[in-house]
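Everything on this sheet refers to the single structure shown next.
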Amino acid sequence: MQNTVKIEEENGLRVEDILKNTPLRENAFELDDVEKIDIIEKHFRRIMETLGLDLTDDSLKETPHRVAKMYVKEIFSGLNPANKPDITLFENKYAYNKMLVEKDITLYSNCEHHFVPIIGKVHVAYFPNKQVVGLSKLNRLVQYYAKRPQVQERLTEQIAEGLKEILNTQDVAVYVEAEHMCVQSRGIKDTNSSTITAVYSGKFESNDIKQEFLAYIRK
Ligand SMILES: [Zn+2]
């Protein structure tokens, strides 16, 4: 499979759009999952040994394999476009054309600078067009983009772009509030801070609509 950045460049997208993409190597998907797990397992074993851990210990023995499998199959599985959720739309029979908000979607991601967790909530909203989406699919889309090494700004943009593409509308909003373990447990050790990012597009750029959305997500 080809690098998505490359594909989109060829389609003539603007530089801002390209920056929304996760930086991937051109050969990102030449290896299959089994080969990736095998290589990561070997490297992770070296990391643990370098730290001085005794890998013959029963409790540690399987850790390199567990970590490698978790990286490829779970927490970084969203790097592979093959894992993008299949999202089917339904005809908007009820002709509901007002704001739809899906709030408090659980967010588990990982910071690409330290490879430690980002934990938070995502709230998304859109105005249905002629078609609507199954609600759980909104959660799945958030989780797909979360399962990558991320920075919160890019994650927010990627969710917004994904929603626009699937729902076939520009009228989407994404609000992310998250705690970064790299801020809380190391470095500055601020256990109270959280980070908020938001993207408002189409109708959500109007202040009234934005305020309505914010009122829905306020606790
Ligand atoms: Zn970090």
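Residues in the structure tokens are numbered from 1 in each chain, the chains being A, B, ... in the order shown, and ligands are numbered from 1 in the order shown.
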Check your understanding: So which residues touch stretch 134-144 of chain A within 8 Å, counting only C-alpha atoms, skipping near sequence neighbours fewer than 4 positions away, as a list in words?
Key ->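 My list of contacting residues is Ser77, Gly78, Asn83, Lys84, Pro85, Ile87, Thr88, Leu89, Phe90, Glu102, Ile105, Leu107, Tyr108, Val122, Val124, Arg148, Ile159, Gly162 and Leu163 of chain A.
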Keeping only N, CA, C and O atoms, write the selected residues to a file as a short mmCIF file (atom, residue, chain, number, x, y, z; two decimals), in the first residue's frame.
data_model
loop_
_atom_site.label_atom_id
_atom_site.label_comp_id
_atom_site.auth_asym_id
_atom_site.auth_seq_id
_atom_site.Cartn_x
_atom_site.Cartn_y
_atom_site.Cartn_z
N SER A 77 -2.73 0.56 15.79
CA SER A 77 -3.35 -0.08 14.62
C SER A 77 -3.98 0.94 13.67
O SER A 77 -4.19 0.65 12.50
N GLY A 78 -4.23 2.15 14.17
CA GLY A 78 -4.83 3.19 13.33
C GLY A 78 -3.87 3.80 12.34
O GLY A 78 -4.26 4.65 11.52
N ASN A 83 -7.21 -0.54 8.46
CA ASN A 83 -8.00 -0.69 9.69
C ASN A 83 -9.03 0.43 9.89
O ASN A 83 -9.68 0.51 10.94
N LYS A 84 -9.17 1.30 8.90
CA LYS A 84 -10.17 2.35 8.99
C LYS A 84 -11.57 1.72 9.06
O LYS A 84 -11.87 0.83 8.27
N PRO A 85 -12.40 2.14 10.01
CA PRO A 85 -13.70 1.47 10.13
C PRO A 85 -14.56 1.68 8.89
O PRO A 85 -14.55 2.74 8.28
N ILE A 87 -17.78 2.51 7.38
CA ILE A 87 -18.91 3.25 7.93
C ILE A 87 -20.02 3.36 6.90
O ILE A 87 -19.83 3.92 5.82
N THR A 88 -21.16 2.79 7.25
CA THR A 88 -22.29 2.85 6.32
C THR A 88 -23.25 3.95 6.78
O THR A 88 -23.43 4.19 7.96
N LEU A 89 -23.82 4.60 5.80
CA LEU A 89 -24.76 5.68 6.08
C LEU A 89 -26.18 5.20 5.84
O LEU A 89 -26.41 4.28 5.06
N PHE A 90 -27.11 5.81 6.54
CA PHE A 90 -28.52 5.48 6.34
C PHE A 90 -29.22 6.71 5.80
O PHE A 90 -28.82 7.83 6.08
N GLU A 102 -22.56 13.97 19.65
CA GLU A 102 -22.15 12.74 20.33
C GLU A 102 -21.07 13.17 21.32
O GLU A 102 -19.99 13.59 20.92
N ILE A 105 -17.05 10.87 24.23
CA ILE A 105 -16.43 9.69 23.62
C ILE A 105 -15.06 9.51 24.30
O ILE A 105 -14.27 10.44 24.36
N LEU A 107 -11.38 8.82 25.02
CA LEU A 107 -10.18 8.92 24.20
C LEU A 107 -8.99 8.28 24.91
O LEU A 107 -8.65 8.66 26.04
N TYR A 108 -8.39 7.30 24.25
CA TYR A 108 -7.09 6.77 24.66
C TYR A 108 -6.17 6.89 23.47
O TYR A 108 -6.41 6.25 22.45
N VAL A 122 -13.71 13.13 23.81
CA VAL A 122 -13.92 13.82 22.54
C VAL A 122 -15.42 14.05 22.39
O VAL A 122 -16.23 13.18 22.69
N VAL A 124 -18.14 15.30 19.45
CA VAL A 124 -18.25 15.65 18.03
C VAL A 124 -19.70 16.03 17.73
O VAL A 124 -20.62 15.62 18.43
N ARG A 148 -2.90 5.99 17.02
CA ARG A 148 -1.67 6.36 16.31
C ARG A 148 -0.83 7.12 17.32
O ARG A 148 -1.39 7.73 18.23
N ILE A 159 -9.79 13.89 13.06
CA ILE A 159 -11.17 13.48 13.34
C ILE A 159 -12.13 14.36 12.54
O ILE A 159 -13.08 13.86 11.91
N GLY A 162 -12.01 13.38 8.90
CA GLY A 162 -12.66 12.07 8.74
C GLY A 162 -14.17 12.20 8.74
O GLY A 162 -14.87 11.58 7.95
N LEU A 163 -14.69 13.04 9.66
CA LEU A 163 -16.14 13.25 9.74
C LEU A 163 -16.67 13.90 8.47
O LEU A 163 -17.69 13.49 7.92
#
Practice item. Name each residue within 7 Å of ligand 1, counting only C-alpha atoms and all ligand atoms, as a VMD selection string. Key: chain A and resid 111 to 116 180 182 to 183
Review point. Do you know which residues are at most 7 Å from stretch 30-47 of chain A counting only C-alpha atoms, after dropping those on the same chain fewer than 4 positions away, and could you put them as a ChimeraX atom specification?
Key: /A:51,64-65,68-69,72
Keeping only all heavy atoms, write those residues as a PDB file, in the first residue's frame.
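What ended up in selection23.pdb:
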ATOM      1  N   LEU A  51      18.268  -1.441  29.789  1.00  0.00           N
ATOM      2  CA  LEU A  51      17.876  -0.842  31.067  1.00  0.00           C
ATOM      3  C   LEU A  51      18.365  -1.682  32.251  1.00  0.00           C
ATOM      4  O   LEU A  51      18.291  -1.251  33.401  1.00  0.00           O
ATOM      5  CB  LEU A  51      16.349  -0.687  31.136  1.00  0.00           C
ATOM      6  CG  LEU A  51      15.747   0.398  30.245  1.00  0.00           C
ATOM      7  CD1 LEU A  51      14.226   0.273  30.214  1.00  0.00           C
ATOM      8  CD2 LEU A  51      16.153   1.788  30.733  1.00  0.00           C
ATOM      9  N   PRO A  64       8.488  -8.368  25.812  1.00  0.00           N
ATOM     10  CA  PRO A  64       8.777  -7.846  24.463  1.00  0.00           C
ATOM     11  C   PRO A  64       7.715  -8.255  23.439  1.00  0.00           C
ATOM     12  O   PRO A  64       7.294  -7.434  22.620  1.00  0.00           O
ATOM     13  CB  PRO A  64      10.142  -8.461  24.134  1.00  0.00           C
ATOM     14  CG  PRO A  64      10.776  -8.695  25.469  1.00  0.00           C
ATOM     15  CD  PRO A  64       9.640  -9.101  26.385  1.00  0.00           C
ATOM     16  N   HIS A  65       7.275  -9.486  23.495  1.00  0.00           N
ATOM     17  CA  HIS A  65       6.261  -9.929  22.538  1.00  0.00           C
ATOM     18  C   HIS A  65       4.914  -9.237  22.808  1.00  0.00           C
ATOM     19  O   HIS A  65       4.242  -8.785  21.876  1.00  0.00           O
ATOM     20  CB  HIS A  65       6.081 -11.448  22.582  1.00  0.00           C
ATOM     21  CG  HIS A  65       5.066 -11.940  21.592  1.00  0.00           C
ATOM     22  ND1 HIS A  65       5.306 -11.930  20.236  1.00  0.00           N
ATOM     23  CD2 HIS A  65       3.803 -12.398  21.754  1.00  0.00           C
ATOM     24  CE1 HIS A  65       4.235 -12.378  19.607  1.00  0.00           C
ATOM     25  NE2 HIS A  65       3.293 -12.664  20.502  1.00  0.00           N
ATOM     26  N   ALA A  68       5.089  -5.636  21.574  1.00  0.00           N
ATOM     27  CA  ALA A  68       5.100  -5.569  20.108  1.00  0.00           C
ATOM     28  C   ALA A  68       3.699  -5.824  19.538  1.00  0.00           C
ATOM     29  O   ALA A  68       3.237  -5.111  18.642  1.00  0.00           O
ATOM     30  CB  ALA A  68       6.090  -6.597  19.553  1.00  0.00           C
ATOM     31  N   LYS A  69       3.016  -6.826  20.088  1.00  0.00           N
ATOM     32  CA  LYS A  69       1.686  -7.166  19.609  1.00  0.00           C
ATOM     33  C   LYS A  69       0.692  -6.035  19.918  1.00  0.00           C
ATOM     34  O   LYS A  69      -0.145  -5.670  19.094  1.00  0.00           O
ATOM     35  CB  LYS A  69       1.236  -8.465  20.286  1.00  0.00           C
ATOM     36  CG  LYS A  69       0.092  -9.134  19.611  1.00  0.00           C
ATOM     37  CD  LYS A  69      -0.173 -10.498  20.230  1.00  0.00           C
ATOM     38  CE  LYS A  69      -1.587 -10.926  19.911  1.00  0.00           C
ATOM     39  NZ  LYS A  69      -2.075 -11.968  20.804  1.00  0.00           N
ATOM     40  N   VAL A  72       1.267  -3.069  17.414  1.00  0.00           N
ATOM     41  CA  VAL A  72       0.831  -3.282  16.029  1.00  0.00           C
ATOM     42  C   VAL A  72      -0.674  -3.538  15.936  1.00  0.00           C
ATOM     43  O   VAL A  72      -1.356  -2.977  15.077  1.00  0.00           O
ATOM     44  CB  VAL A  72       1.624  -4.450  15.391  1.00  0.00           C
ATOM     45  CG1 VAL A  72       1.079  -4.783  14.001  1.00  0.00           C
ATOM     46  CG2 VAL A  72       3.108  -4.091  15.318  1.00  0.00           C
TER      47      VAL A  72
END
Check your understanding: Which residue gives the smallest distance to A:Arg154 among A:Gln170, A:Ser109, A:Asn129, A:Asn207, with only C-alpha atoms counted?
Key ->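 When distances to A:Arg154 are compared using only C-alpha atoms, the smallest one comes from A:Ser109.
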Check your understanding: Using only C-alpha atoms, which of A:Asp54, A:Glu177, A:Glu49, A:Glu161 sits nearest A:Asp104?
Key ->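 Of A:Asp54, A:Glu177, A:Glu49, A:Glu161, the one nearest A:Asp104, counting only C-alpha atoms, is A:Glu177.
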Study note, to complete from the structure: For A:Gly202, the closest of A:Val67, A:Ala215, A:Val133, A:Ala125 counting only C-alpha atoms is A:Ala125
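Nearest to A:Glu157 of all the residues A:Gln131, A:Thr50, A:Ser201, A:Ser185 is A:Ser201, counting only C-alpha atoms.
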Practice item. Using DSSP on the backbone coordinates, identify all residues within chain A classified as strand (DSSP E); present the result as an MDAnalysis selection string. Key: chainID A and resid 89:91 100:111 117:126 131:133 149:150 172:180 195:200
